[in-house]
Amino acid sequence: MSPLPNPGPDAEDRRAGPLCGLLVVDLTRVLAGPYATMLLADLGARVIKVEAPETGDDSRAIGPFLPDDSMTGEAGDSAYFTSVNRGKESLALDLRTAADRAIFERLLARADIVVENFRPGAMERMGYGFETLHARYPRLIYAAASGFGHSGPESRRAAYDVIVQAMGGIMSITGAEPGQGEPPVPTRVGTSLGDITAGLFTVIGIEAALLERHRSGFGQKVDVAMLDCQIAILENAIARYQVSGRSPGPLGTRHPSITPFQAFATADRPIVIAAGNDALWEACCKALGLDPLLADARFQTNDSRTTHAAALAHALEGRLRTAPADVWLAALGAAGVPAGPLNTVGEALAMPQVAARNMLVETETPSGKPLKVAGNPIKMSAHPDPSSRPRAPRLDSARTAILSELSE
């Protein structure tokens, strides 16, 4: 059956995307799954978010909250929820009841994709596991994002972002380099990398399944585990372990095998320099007025510079501390050496480049308060990239419209 049409005032925005005409039934909550379905919505799909009655997505109760204009002093809408649920429609269904199950199944009959991030086994207990749905709706793509995937000895284990960051090894290589004889301090990556990477890989899997369905006519299951995604992005750390047999540790901002490639202090604020080859190293030294370093045997090759990274950093910072960051960034930029300031979040969002790339867009919370959120980094020549996005939905706000459509 064809998907439901795209109704409402934001229909034009959805039609602009390459996934226009696709209907996504979204059973996800919190972050990994909602991030994936938000990207699908940004790319033009219609996303109907099926939520638990009364409470909805857990993240509706997770801060930060916008101030409430009422006199009660209570917190308003969740900016967390808004930031990853813009452009979706909400339908509250209790899948333990026959009436709501019937509505859900009518939705599935018209859907292209269903996305869930329950613990493995939950959908089967509700009677909606992949095998059951595939038999009834053979074109439906079933995407599942979970902590440990739908196979393996840890499959049923619960997970949040910090769990998979810890278990997947990334926390062991993140943070300040410890002093000699000191143990490293475990440091979580400052954004929810475990959830976000799972959301991204889920979208990649869905889009691959859509292409395969175009060829075969059949949907399939996309099984993405947060832990798997953490292993997949360890890249150089895996290579170093396989070569040396030793687990890498944290290095602060330094790269393990390219030098100089880290943050350095200046007279007023840190900057980052990344001289990724010998030609850039030469240009770096000349831009900083450190030509004698080019003749130093310790710094002749990238490998030798990495071996003597501490001595090199000391020499560079001795020079960099004599002038402010802007002076050095101008000199390095003129020499073509990759370098940049170490920005706060506020400074990053204020960059003209961020504005030029439309990476801070306008949306609204469920109650209609304006909020700026991250834009879509995927820019496509055939589709516009609007500066605003449809609001995040109030719980169950699309019920009347959706039920009316399903009765047609």
# chains A, B, ... in the order shown; residues from 1 in each chain; ligands from 1
>>> residues_around(residues="Thr187 in chain A", least_positions_apart="2", cutoff="9 Å", atoms="only C-alpha atoms", output="list in words")
Ile170, Met171, Ser172, Ile173, Thr174, Gly175, Ala176, Pro184, Val185, Val189 and Gly190 of chain A
>>> select_by_dssp(residues="range 124-193 of chain A", states="helix (DSSP H, G or I)", output="MDAnalysis selection string")
chainID A and resid 124:125 130:136 161:167 170:173 193
>>> write_last_selection(atoms="C-alpha atoms", output="tab-separated table (two decimals), in the first residue's frame")
chain	number	residue	atom	x	y	z
A	124	GLU	CA	8.64	-10.17	19.89
A	125	ARG	CA	6.80	-10.13	23.23
A	130	PHE	CA	10.81	-8.91	12.50
A	131	GLU	CA	9.76	-12.38	11.36
A	132	THR	CA	6.10	-11.65	12.12
A	133	LEU	CA	6.14	-8.23	10.46
A	134	HIS	CA	8.09	-9.43	7.44
A	135	ALA	CA	5.53	-12.15	6.79
A	136	ARG	CA	2.65	-9.66	6.99
A	161	ASP	CA	25.67	5.86	26.05
A	162	VAL	CA	28.13	5.81	28.95
A	163	ILE	CA	27.94	2.00	29.15
A	164	VAL	CA	29.00	1.44	25.55
A	165	GLN	CA	31.61	4.21	25.69
A	166	ALA	CA	33.13	2.36	28.64
A	167	MET	CA	32.78	-1.18	27.29
A	170	ILE	CA	36.74	4.77	23.68
A	171	MET	CA	36.78	6.03	27.28
A	172	SER	CA	40.15	4.37	27.80
A	173	ILE	CA	41.76	6.53	25.08
A	193	LEU	CA	28.91	9.45	20.93
>>> select_by_dssp(residues="range 34-259 of chain A", states="strand (DSSP E)", output="ChimeraX atom specification")
/A:46-51,65-67,75-78,89-92,113-116,141-146,221-225
>>> write_last_selection(atoms="C-alpha atoms", output="PDB file, in the first residue's frame")
ATOM      1  CA  ARG A  46       7.259  11.581   7.001  1.00  0.00           C
ATOM      2  CA  VAL A  47       7.906  10.361  10.552  1.00  0.00           C
ATOM      3  CA  ILE A  48       5.026   9.342  12.821  1.00  0.00           C
ATOM      4  CA  LYS A  49       6.344   8.976  16.354  1.00  0.00           C
ATOM      5  CA  VAL A  50       4.380   6.339  18.260  1.00  0.00           C
ATOM      6  CA  GLU A  51       4.649   7.122  21.977  1.00  0.00           C
ATOM      7  CA  PHE A  65      13.906  22.842  29.996  1.00  0.00           C
ATOM      8  CA  LEU A  66      12.761  26.122  28.541  1.00  0.00           C
ATOM      9  CA  PRO A  67      11.146  28.466  31.086  1.00  0.00           C
ATOM     10  CA  ALA A  75       9.639  23.909  33.843  1.00  0.00           C
ATOM     11  CA  GLY A  76       8.472  24.164  30.249  1.00  0.00           C
ATOM     12  CA  ASP A  77       9.306  22.010  27.238  1.00  0.00           C
ATOM     13  CA  SER A  78      12.446  19.923  27.065  1.00  0.00           C
ATOM     14  CA  GLU A  89       4.130  13.798  14.296  1.00  0.00           C
ATOM     15  CA  SER A  90       3.077  12.205  17.580  1.00  0.00           C
ATOM     16  CA  LEU A  91       0.527   9.459  18.053  1.00  0.00           C
ATOM     17  CA  ALA A  92       0.056   7.910  21.490  1.00  0.00           C
ATOM     18  CA  ILE A 113      10.139   1.740   7.537  1.00  0.00           C
ATOM     19  CA  VAL A 114       9.626   0.952  11.210  1.00  0.00           C
ATOM     20  CA  VAL A 115      12.382   1.958  13.635  1.00  0.00           C
ATOM     21  CA  GLU A 116      12.672   0.770  17.245  1.00  0.00           C
ATOM     22  CA  ILE A 141      12.099  -2.281   6.398  1.00  0.00           C
ATOM     23  CA  TYR A 142      12.587  -3.077  10.082  1.00  0.00           C
ATOM     24  CA  ALA A 143      15.412  -1.127  11.752  1.00  0.00           C
ATOM     25  CA  ALA A 144      16.495  -1.877  15.313  1.00  0.00           C
ATOM     26  CA  ALA A 145      19.085   0.119  17.263  1.00  0.00           C
ATOM     27  CA  SER A 146      20.020  -1.446  20.599  1.00  0.00           C
ATOM     28  CA  LYS A 221      15.968  -6.216   9.065  1.00  0.00           C
ATOM     29  CA  VAL A 222      18.644  -3.643   9.925  1.00  0.00           C
ATOM     30  CA  ASP A 223      20.293  -4.590  13.247  1.00  0.00           C
ATOM     31  CA  VAL A 224      22.611  -1.921  14.686  1.00  0.00           C
ATOM     32  CA  ALA A 225      24.329  -2.258  18.073  1.00  0.00           C
TER      33      ALA A 225
END
>>> residues_around(residues="Ser257 in chain A", least_positions_apart="3", cutoff="10 Å", atoms="only C-alpha atoms", output="list in words")
Asn236, Arg240, Arg254, Pro260, Phe261, Gly276, Asn302, Asp303, Arg305, Thr306, Thr307 and Ala309 of chain A
>>> write_last_selection(atoms="C-alpha atoms", output="mmCIF file, in the first residue's frame")
data_model
loop_
_atom_site.group_PDB
_atom_site.id
_atom_site.type_symbol
_atom_site.label_atom_id
_atom_site.label_comp_id
_atom_site.auth_asym_id
_atom_site.auth_seq_id
_atom_site.Cartn_x
_atom_site.Cartn_y
_atom_site.Cartn_z
ATOM 1 C CA ASN A 236 43.763 3.904 14.633
ATOM 2 C CA ARG A 240 47.978 0.256 17.094
ATOM 3 C CA ARG A 254 47.662 14.718 20.711
ATOM 4 C CA PRO A 260 52.526 18.095 15.621
ATOM 5 C CA PHE A 261 48.795 17.423 15.774
ATOM 6 C CA GLY A 276 50.092 16.249 8.849
ATOM 7 C CA ASN A 302 56.968 12.349 11.250
ATOM 8 C CA ASP A 303 57.977 9.171 13.105
ATOM 9 C CA ARG A 305 58.686 13.889 15.693
ATOM 10 C CA THR A 306 56.135 11.529 17.236
ATOM 11 C CA THR A 307 58.869 9.766 19.220
ATOM 12 C CA ALA A 309 56.490 14.680 20.822
#
>>> residues_around(residues="range 375-386 of chain A", least_positions_apart="5", cutoff="6 Å", atoms="only C-alpha atoms", output="mmCIF file with C-alpha atoms, in the first residue's frame")
data_model
loop_
_atom_site.group_PDB
_atom_site.id
_atom_site.type_symbol
_atom_site.label_atom_id
_atom_site.label_comp_id
_atom_site.auth_asym_id
_atom_site.auth_seq_id
_atom_site.Cartn_x
_atom_site.Cartn_y
_atom_site.Cartn_z
ATOM 1 C CA ALA A 16 11.935 19.127 -0.632
ATOM 2 C CA GLY A 17 13.882 16.111 0.604
ATOM 3 C CA MET A 359 24.147 24.685 10.747
ATOM 4 C CA LEU A 360 21.992 26.480 13.336
ATOM 5 C CA VAL A 361 18.336 26.398 12.334
#
>>> residues_around(residues="Thr197 in chain A", least_positions_apart="4", cutoff="9 Å", atoms="only C-alpha atoms", output="PyMOL selection string")
chain A and resi 32+192-193+201-202+226+229-230+233
>>> closest_residue(among="A:Arg298, A:Arg391, A:Arg319, A:Lys369", to="Ala41 in chain A", atoms="only C-alpha atoms")
A:Arg391
>>> closest_residue(among="A:Ala355, A:Ala348, A:Val373, A:Ala283", to="Leu332 in chain A", atoms="only C-alpha atoms")
A:Ala283
>>> closest_residue(among="A:Thr344, A:Thr322, A:Thr253, A:Asn358", to="Thr266 in chain A", atoms="only C-alpha atoms")
A:Thr322
>>> atom_distance(atom1="CA of Leu27 in chain A", atom2="CA of Asn117 in chain A")
7.3 Å
